[in-house]
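Engineer: The structure file start-v7.cif (mmCIF, C-alpha atoms) is provided below.
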```cif
data_start
#
loop_
_atom_site.label_atom_id
_atom_site.label_comp_id
_atom_site.auth_asym_id
_atom_site.auth_seq_id
_atom_site.Cartn_x
_atom_site.Cartn_y
_atom_site.Cartn_z
CA MET A 1 -19.34 45.36 -16.19
CA ASP A 2 -16.16 45.93 -14.26
CA LYS A 3 -13.91 48.37 -16.03
CA ASN A 4 -11.02 45.91 -15.73
CA ASP A 5 -12.91 43.03 -17.36
CA THR A 6 -11.10 42.57 -20.64
CA THR A 7 -12.30 39.06 -21.42
CA SER A 8 -15.82 39.89 -22.63
CA ALA A 9 -16.34 41.10 -26.20
CA ALA A 10 -17.89 44.55 -26.45
CA PRO A 11 -20.72 45.11 -28.97
CA HIS A 12 -20.24 47.18 -32.11
CA SER A 13 -22.55 50.06 -32.83
CA ASP A 14 -24.69 47.77 -35.06
CA GLY A 15 -25.27 45.36 -32.16
CA GLN A 16 -22.93 42.66 -33.51
CA LYS A 17 -20.23 41.25 -31.24
CA SER A 18 -16.66 41.31 -32.44
CA LYS A 19 -15.43 38.15 -34.11
CA PRO A 20 -12.46 36.16 -32.84
CA GLY A 21 -9.24 37.56 -34.21
CA SER A 22 -10.58 41.12 -34.45
CA SER A 23 -8.48 44.02 -33.28
CA LYS A 24 -10.79 44.45 -30.31
CA ASP A 25 -10.16 40.84 -29.16
CA SER A 26 -6.43 41.26 -29.75
CA SER A 27 -6.28 44.39 -27.62
CA ALA A 28 -8.17 42.54 -24.88
CA SER A 29 -5.66 39.69 -24.87
CA GLU A 30 -2.78 42.17 -24.85
CA ALA A 31 -4.20 43.68 -21.65
CA LEU A 32 -4.07 40.36 -19.77
CA PRO A 33 -1.25 39.87 -17.24
CA ASN A 34 1.53 37.51 -18.27
CA SER A 35 0.64 35.12 -15.44
CA ILE A 36 -2.90 34.72 -16.81
CA ILE A 37 -1.59 34.14 -20.33
CA ALA A 38 0.73 31.41 -19.04
CA LEU A 39 -2.14 29.72 -17.21
CA ARG A 40 -4.32 29.85 -20.32
CA VAL A 41 -1.55 28.29 -22.38
CA ILE A 42 -1.31 25.47 -19.83
CA GLU A 43 -5.10 25.01 -19.80
CA SER A 44 -5.21 24.76 -23.59
CA LEU A 45 -2.44 22.18 -23.62
CA ALA A 46 -4.14 20.12 -20.91
CA GLN A 47 -7.50 20.26 -22.70
CA SER A 48 -5.97 19.18 -26.01
CA GLY A 49 -5.14 15.77 -24.55
CA GLY A 50 -1.93 15.53 -26.55
CA GLU A 51 0.61 17.66 -28.37
CA CYS A 52 -0.04 21.10 -29.85
CA GLY A 53 1.92 23.37 -32.14
CA VAL A 54 2.37 27.09 -31.63
CA THR A 55 -0.05 27.88 -34.47
CA ASP A 56 -2.79 25.70 -32.95
CA LEU A 57 -2.40 27.30 -29.53
CA ALA A 58 -2.26 30.82 -30.92
CA HIS A 59 -5.51 30.19 -32.81
CA ALA A 60 -7.21 28.61 -29.77
CA LEU A 61 -6.16 31.48 -27.52
CA ASP A 62 -6.66 34.20 -30.17
CA MET A 63 -3.18 35.58 -29.53
CA PRO A 64 -0.17 36.39 -31.68
CA LYS A 65 2.10 33.42 -32.32
CA ALA A 66 5.14 35.31 -31.08
CA ARG A 67 3.53 35.95 -27.71
CA VAL A 68 2.37 32.34 -27.30
CA HIS A 69 5.82 31.07 -28.31
CA ARG A 70 7.46 33.33 -25.73
CA HIS A 71 5.29 31.89 -22.95
CA LEU A 72 5.80 28.32 -24.15
CA SER A 73 9.57 28.78 -24.09
CA ALA A 74 9.50 30.08 -20.51
CA LEU A 75 7.17 27.28 -19.37
CA ARG A 76 9.35 24.67 -21.10
CA ASP A 77 12.52 26.00 -19.51
CA ASN A 78 10.90 25.62 -16.08
CA GLY A 79 9.47 22.14 -16.60
CA TYR A 80 5.80 23.07 -16.90
CA VAL A 81 5.52 22.07 -20.57
CA ALA A 82 7.53 19.63 -22.69
CA GLN A 83 8.62 20.03 -26.31
CA ASP A 84 9.10 17.11 -28.67
CA PRO A 85 12.39 17.80 -30.55
CA ARG A 86 11.18 15.72 -33.51
CA ASN A 87 8.23 17.95 -34.41
CA ASN A 88 8.63 20.94 -32.02
CA ARG A 89 5.11 20.39 -30.66
CA TYR A 90 4.28 20.98 -26.99
CA SER A 91 2.55 18.99 -24.26
CA VAL A 92 1.99 19.27 -20.50
CA GLY A 93 5.27 18.85 -18.59
CA TRP A 94 6.34 16.69 -15.67
CA LYS A 95 6.19 19.50 -13.13
CA LEU A 96 2.46 20.02 -13.70
CA TYR A 97 1.92 16.29 -13.30
CA LEU A 98 3.70 16.37 -9.94
CA LEU A 99 1.69 19.39 -8.81
CA GLY A 100 -1.49 17.62 -9.79
CA GLN A 101 -0.50 14.54 -7.83
CA GLN A 102 0.24 16.66 -4.76
CA LEU A 103 -3.14 18.33 -5.03
CA VAL A 104 -4.93 14.99 -5.31
CA ASN A 105 -3.00 13.66 -2.32
CA HIS A 106 -3.89 16.71 -0.24
CA TYR A 107 -7.58 16.42 -0.93
CA ASP A 108 -7.53 12.65 -0.38
CA VAL A 109 -6.16 13.41 3.08
CA VAL A 110 -8.87 16.00 3.66
CA SER A 111 -11.54 13.41 2.81
CA LEU A 112 -10.00 10.94 5.25
CA ALA A 113 -9.56 13.60 7.92
CA LYS A 114 -13.07 15.07 7.76
CA PRO A 115 -14.81 12.57 10.12
CA VAL A 116 -11.96 12.91 12.63
CA MET A 117 -12.14 16.71 12.40
CA LYS A 118 -15.90 16.61 13.00
CA ALA A 119 -15.50 14.39 16.05
CA LEU A 120 -12.85 16.75 17.45
CA ARG A 121 -15.00 19.81 16.77
CA ASP A 122 -18.00 18.20 18.47
CA LYS A 123 -15.86 17.27 21.47
CA VAL A 124 -14.19 20.63 22.13
CA GLY A 125 -16.53 23.08 20.36
CA GLN A 126 -13.76 25.02 18.61
CA THR A 127 -13.03 25.54 14.91
CA VAL A 128 -10.90 22.72 13.48
CA VAL A 129 -8.49 23.37 10.61
CA ILE A 130 -6.24 21.09 8.58
CA SER A 131 -3.25 22.74 6.91
CA THR A 132 -0.24 21.80 4.87
CA PHE A 133 2.96 23.74 4.21
CA THR A 134 4.74 25.16 1.18
CA ASP A 135 8.08 26.88 0.75
CA THR A 136 6.52 30.20 1.71
CA GLY A 137 4.12 29.39 4.54
CA MET A 138 1.16 27.40 5.83
CA VAL A 139 -1.90 26.83 3.64
CA VAL A 140 -5.41 26.03 4.89
CA LEU A 141 -6.83 22.95 3.14
CA ASP A 142 -10.17 22.76 4.94
CA PHE A 143 -11.93 23.71 8.18
CA LEU A 144 -15.02 23.02 10.26
CA PRO A 145 -16.48 25.99 12.17
CA GLY A 146 -16.87 25.71 15.93
CA SER A 147 -20.05 25.88 17.97
CA THR A 148 -19.23 28.76 20.33
CA GLU A 149 -20.66 32.28 20.14
CA LEU A 150 -17.55 33.52 18.31
CA GLU A 151 -17.22 31.55 15.08
CA ILE A 152 -13.82 31.45 13.37
CA VAL A 153 -14.11 31.06 9.59
CA MET A 154 -11.24 30.42 7.17
CA ARG A 155 -11.13 29.97 3.43
CA ALA A 156 -9.36 27.00 1.89
CA GLY A 157 -6.18 28.38 0.35
CA THR A 158 -5.61 31.00 3.06
CA ARG A 159 -1.88 31.39 3.71
CA PHE A 160 -0.06 32.28 6.93
CA SER A 161 3.59 33.00 7.66
CA PHE A 162 5.39 30.26 9.58
CA ASN A 163 6.26 32.30 12.65
CA SER A 164 2.79 33.74 13.27
CA VAL A 165 0.66 30.60 13.62
CA ALA A 166 0.72 27.42 15.70
CA GLN A 167 0.77 25.18 12.63
CA GLY A 168 3.80 27.09 11.34
CA LYS A 169 5.66 26.25 14.54
CA VAL A 170 4.72 22.60 14.00
CA ALA A 171 6.16 22.77 10.47
CA MET A 172 9.41 24.26 11.75
CA ALA A 173 9.62 21.64 14.52
CA PHE A 174 8.74 18.51 12.52
CA GLY A 175 9.24 19.51 8.88
CA PRO A 176 12.44 19.87 6.84
CA PRO A 177 15.45 20.39 9.16
CA GLU A 178 16.53 23.56 7.38
CA LEU A 179 13.11 25.25 7.51
CA LEU A 180 13.51 27.08 10.82
CA GLU A 181 16.78 28.77 9.90
CA ARG A 182 15.49 29.66 6.44
CA VAL A 183 12.41 31.32 7.95
CA ILE A 184 14.63 33.30 10.31
CA ALA A 185 17.00 34.30 7.49
CA GLU A 186 14.09 35.59 5.39
CA GLY A 187 12.96 37.89 8.21
CA LEU A 188 10.33 37.55 10.93
CA LYS A 189 7.32 39.83 10.58
CA ALA A 190 4.75 40.60 13.26
CA ASN A 191 0.99 40.27 12.84
CA THR A 192 0.33 41.46 16.40
CA ARG A 193 2.48 42.61 19.31
CA HIS A 194 2.52 38.99 20.51
CA THR A 195 4.03 37.49 17.33
CA ILE A 196 7.50 36.07 17.94
CA VAL A 197 9.97 38.04 15.83
CA GLU A 198 13.19 37.47 17.80
CA PRO A 199 15.28 34.61 16.32
CA GLU A 200 16.41 33.19 19.67
CA ARG A 201 12.86 33.23 21.06
CA LEU A 202 11.59 31.46 17.97
CA ARG A 203 14.32 28.81 18.17
CA ALA A 204 13.43 28.18 21.82
CA GLU A 205 9.72 28.03 21.00
CA VAL A 206 10.24 25.53 18.18
CA ASP A 207 12.43 23.40 20.46
CA LEU A 208 9.60 23.38 23.03
CA VAL A 209 7.11 22.34 20.34
CA ARG A 210 9.40 19.50 19.26
CA ARG A 211 9.74 18.23 22.83
CA ARG A 212 6.09 18.38 23.88
CA GLY A 213 4.57 17.49 20.49
CA TRP A 214 2.18 20.41 20.01
CA ALA A 215 2.21 24.18 19.49
CA ASP A 216 0.16 27.17 20.48
CA ALA A 217 0.05 30.79 19.31
CA PRO A 218 -1.98 32.94 21.74
CA GLU A 219 -2.91 36.21 19.99
CA GLU A 220 0.09 35.86 17.66
CA VAL A 221 -1.80 36.13 14.36
CA PHE A 222 -5.04 37.84 15.48
CA THR A 223 -5.67 39.71 18.71
CA GLY A 224 -8.06 37.79 20.95
CA ILE A 225 -7.58 34.48 19.10
CA ASN A 226 -5.56 31.45 20.15
CA ALA A 227 -4.70 28.25 18.30
CA LEU A 228 -3.32 24.84 19.20
CA SER A 229 -1.71 22.61 16.60
CA ALA A 230 -0.33 19.07 16.31
CA PRO A 231 1.59 17.39 13.48
CA VAL A 232 0.09 15.07 10.86
CA PHE A 233 2.59 12.69 9.28
CA ASN A 234 2.75 10.94 5.91
CA ALA A 235 3.21 7.18 5.61
CA ASP A 236 6.98 7.66 5.14
CA GLY A 237 7.27 9.68 8.36
CA SER A 238 7.63 13.06 6.66
CA LEU A 239 5.39 15.90 7.75
CA PHE A 240 2.15 16.27 5.80
CA GLY A 241 0.91 19.28 7.73
CA ALA A 242 -0.93 20.10 10.91
CA LEU A 243 -4.28 19.79 12.63
CA VAL A 244 -5.40 22.97 14.37
CA LEU A 245 -7.90 24.04 16.99
CA THR A 246 -8.61 27.77 16.94
CA GLY A 247 -10.96 29.99 18.86
CA SER A 248 -11.38 32.94 21.17
CA ILE A 249 -8.71 33.28 23.86
CA HIS A 250 -11.66 33.15 26.27
CA TYR A 251 -12.55 29.59 25.24
CA LEU A 252 -9.03 28.51 24.27
CA PRO A 253 -6.79 30.18 26.88
CA SER A 254 -3.03 30.59 26.62
CA THR A 255 -2.73 27.74 29.13
CA PRO A 256 -5.12 25.25 27.52
CA GLU A 257 -6.89 22.49 29.40
CA LYS A 258 -5.08 19.16 29.38
CA THR A 259 -8.13 17.38 27.97
CA THR A 260 -8.21 19.78 24.99
CA VAL A 261 -4.56 19.14 24.15
CA GLU A 262 -5.04 15.39 24.51
CA ALA A 263 -8.07 15.45 22.20
CA LEU A 264 -6.07 17.37 19.56
CA LEU A 265 -3.07 15.04 19.78
CA SER A 266 -5.31 11.98 19.55
CA ALA A 267 -7.11 13.34 16.47
CA ALA A 268 -3.85 14.28 14.70
CA SER A 269 -2.45 10.82 15.44
CA GLU A 270 -5.62 9.20 14.08
CA ILE A 271 -5.38 11.16 10.81
CA SER A 272 -1.70 10.23 10.48
CA GLY A 273 -2.69 6.58 10.89
CA LEU A 274 -5.40 6.89 8.24
CA ILE A 275 -2.82 8.00 5.67
CA GLY A 276 -0.47 5.16 6.57
CA TYR A 277 1.85 6.52 9.26
CA ASN A 278 3.01 3.96 11.82
CA PRO A 279 5.44 5.35 14.42
CA ALA A 280 6.42 1.81 15.45
#
```
When written as structure tokens, how does the structure in this file appear?
Structural biologist:
Amino acid sequence: MDKNDTTSAAPHSDGQKSKPGSSKDSSASEALPNSIIALRVIESLAQSGGECGVTDLAHALDMPKARVHRHLSALRDNGYVAQDPRNNRYSVGWKLYLLGQQLVNHYDVVSLAKPVMKALRDKVGQTVVISTFTDTGMVVLDFLPGSTELEIVMRAGTRFSFNSVAQGKVAMAFGPPELLERVIAEGLKANTRHTIVEPERLRAEVDLVRRRGWADAPEEVFTGINALSAPVFNADGSLFGALVLTGSIHYLPSTPEKTTVEALLSAASEISGLIGYNPA
């Protein structure tokens, strides 16, 4: 067992496992990070299907009431749980509902995009990625590996800084108007010697992306790797995220073939149409 695993009950000398509520269980819960405790509180509320009191939650989580109450208060103050003033019981808050809806929407888009991504991958042979953006960077939602000798693999949930990847440039060009200047104000960090870290260069690059409709990032996040990206739009015209082709600089050179760019733009436009976007 990993020495940091505090969630499993350790056996007593007589072979019996400790019972819930024992000092051994309490010390285990005390060792958990606050973020994990908060998530467990949320999980218990969601699983209850209704309202819960502090005593019920403390019993379900095998934690002191004072600690559970402290987390509930913080979660309530930030909109993640709601408290009924009539009985002081708690339930899942509106912010979690909105997050859940966003997650469902993202994965609905992935399902719609998958056949288009496969067709693009089969046409150009490179890894195809679909990403969305958050306040802090780009997030990979899904990918299909390419068919060349060098296979690029990404995990869903992988995050990248805006200025280091092609899809980040797309977000700054077609996303919220204030995003570019906020990214610059927060500081531009380099992943490789090719990453753009000068504010004026980045502004010029994003302007170019906006004018031509696609972005690239040759060796800007990983040496020897290039990526091309095009925007995917929601039905209301806002930016959902970006479709990406990525591969070795040998197969996806810094000056990409016109047919490759056209295939990417066509696929991104098709996905936008599938989720309701109509530029007309």
Engineer: Rank nothing, just name the residue among A:Ser229, A:Gln83, A:Ser44, A:Asn78 nearest to A:Asp62, using only C-alpha atoms.
Structural biologist: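 Using only C-alpha atoms, A:Asp62 sits closest to A:Ser44.
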Engineer: Restricting the calculation to all atoms listed in the file: of A:Leu245, A:Ala173, A:Val139, A:Val206, which residue gets closest to A:Phe160?
Structural biologist: A:Val139
Engineer: Which residues, written as a VMD selection string, have at least one atom at most 8 Å from A:Ile152, with only C-alpha atoms counted and residues fewer than 3 positions away on the same chain left out?
Structural biologist: chain A and resid 127 145 to 146 246 to 247
Engineer: With the PyMOL selection byres ((chain A and resi 212) around 12) as the selection, what would be picked from this file? Answer as number ranges by chain, please.
Structural biologist: A: 170, 173-174, 205-211, 213-216, 229-231, 261-262, 265
Engineer: What does the PyMOL selection byres ((chain A and resi 123) around 12) select in this file, as a PDB file with C-alpha atoms, in the coordinates of the input?
Structural biologist:
```
ATOM      1  CA  VAL A 116     -11.960  12.910  12.630  1.00  0.00           C
ATOM      2  CA  MET A 117     -12.140  16.710  12.400  1.00  0.00           C
ATOM      3  CA  LYS A 118     -15.900  16.610  13.000  1.00  0.00           C
ATOM      4  CA  ALA A 119     -15.500  14.390  16.050  1.00  0.00           C
ATOM      5  CA  LEU A 120     -12.850  16.750  17.450  1.00  0.00           C
ATOM      6  CA  ARG A 121     -15.000  19.810  16.770  1.00  0.00           C
ATOM      7  CA  ASP A 122     -18.000  18.200  18.470  1.00  0.00           C
ATOM      8  CA  VAL A 124     -14.190  20.630  22.130  1.00  0.00           C
ATOM      9  CA  GLY A 125     -16.530  23.080  20.360  1.00  0.00           C
ATOM     10  CA  GLN A 126     -13.760  25.020  18.610  1.00  0.00           C
ATOM     11  CA  THR A 127     -13.030  25.540  14.910  1.00  0.00           C
ATOM     12  CA  VAL A 128     -10.900  22.720  13.480  1.00  0.00           C
ATOM     13  CA  GLY A 146     -16.870  25.710  15.930  1.00  0.00           C
ATOM     14  CA  SER A 147     -20.050  25.880  17.970  1.00  0.00           C
ATOM     15  CA  LEU A 245      -7.900  24.040  16.990  1.00  0.00           C
ATOM     16  CA  THR A 259      -8.130  17.380  27.970  1.00  0.00           C
ATOM     17  CA  THR A 260      -8.210  19.780  24.990  1.00  0.00           C
ATOM     18  CA  VAL A 261      -4.560  19.140  24.150  1.00  0.00           C
ATOM     19  CA  GLU A 262      -5.040  15.390  24.510  1.00  0.00           C
ATOM     20  CA  ALA A 263      -8.070  15.450  22.200  1.00  0.00           C
ATOM     21  CA  LEU A 264      -6.070  17.370  19.560  1.00  0.00           C
ATOM     22  CA  SER A 266      -5.310  11.980  19.550  1.00  0.00           C
ATOM     23  CA  ALA A 267      -7.110  13.340  16.470  1.00  0.00           C
TER      24      ALA A 267
END
```
Engineer: Can you pull out every residue within 8 Å of A:Lys65, counting all atoms listed in the file, but drop anything in the same chain fewer than 3 positions away, and send it as a CSV table (one decimal) with C-alpha atoms, in the frame of the given file?
Structural biologist:
```csv
chain,number,residue,atom,x,y,z
A,54,VAL,CA,2.4,27.1,-31.6
A,55,THR,CA,0.0,27.9,-34.5
A,58,ALA,CA,-2.3,30.8,-30.9
A,68,VAL,CA,2.4,32.3,-27.3
A,69,HIS,CA,5.8,31.1,-28.3
```
Engineer: Given only C-alpha atoms as the basis, pick out the residue of A:Ala190, A:Val244, A:Val110, A:Ile225 nearest to A:Gly168.
Structural biologist: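 Nearest to A:Gly168: A:Val244.
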Engineer: Separation of atom CA of A:Ser272 and atom CA of A:Asp108, in Å?
Structural biologist: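 Atom CA of A:Asp108 lies 12.6 Å from atom CA of A:Ser272.
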Engineer: Taking 5 positions as the minimum chain separation for residues in the same chain, which residues sit within 10 Å of A:Gly187 when counting all atoms listed in the file? Answer as a compact mmCIF listing (two decimals) with C-alpha atoms, in the frame of the given file.
Structural biologist:
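Done, and the output landed in around.txt:
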```
# COMPACT_ATOMS: atom_id res chain seq x y z
CA ASN A 163 6.26 32.30 12.65
CA ARG A 182 15.49 29.66 6.44
CA VAL A 197 9.97 38.04 15.83
CA GLU A 198 13.19 37.47 17.80
CA PRO A 199 15.28 34.61 16.32
```
Engineer: Taking only C-alpha atoms into account, name the residue in A:Ser161, A:Asn191, A:Thr148, A:Gln167 that is nearest to A:Val129.
Structural biologist: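 Nearest candidate to A:Val129 out of A:Ser161, A:Asn191, A:Thr148, A:Gln167: A:Gln167.
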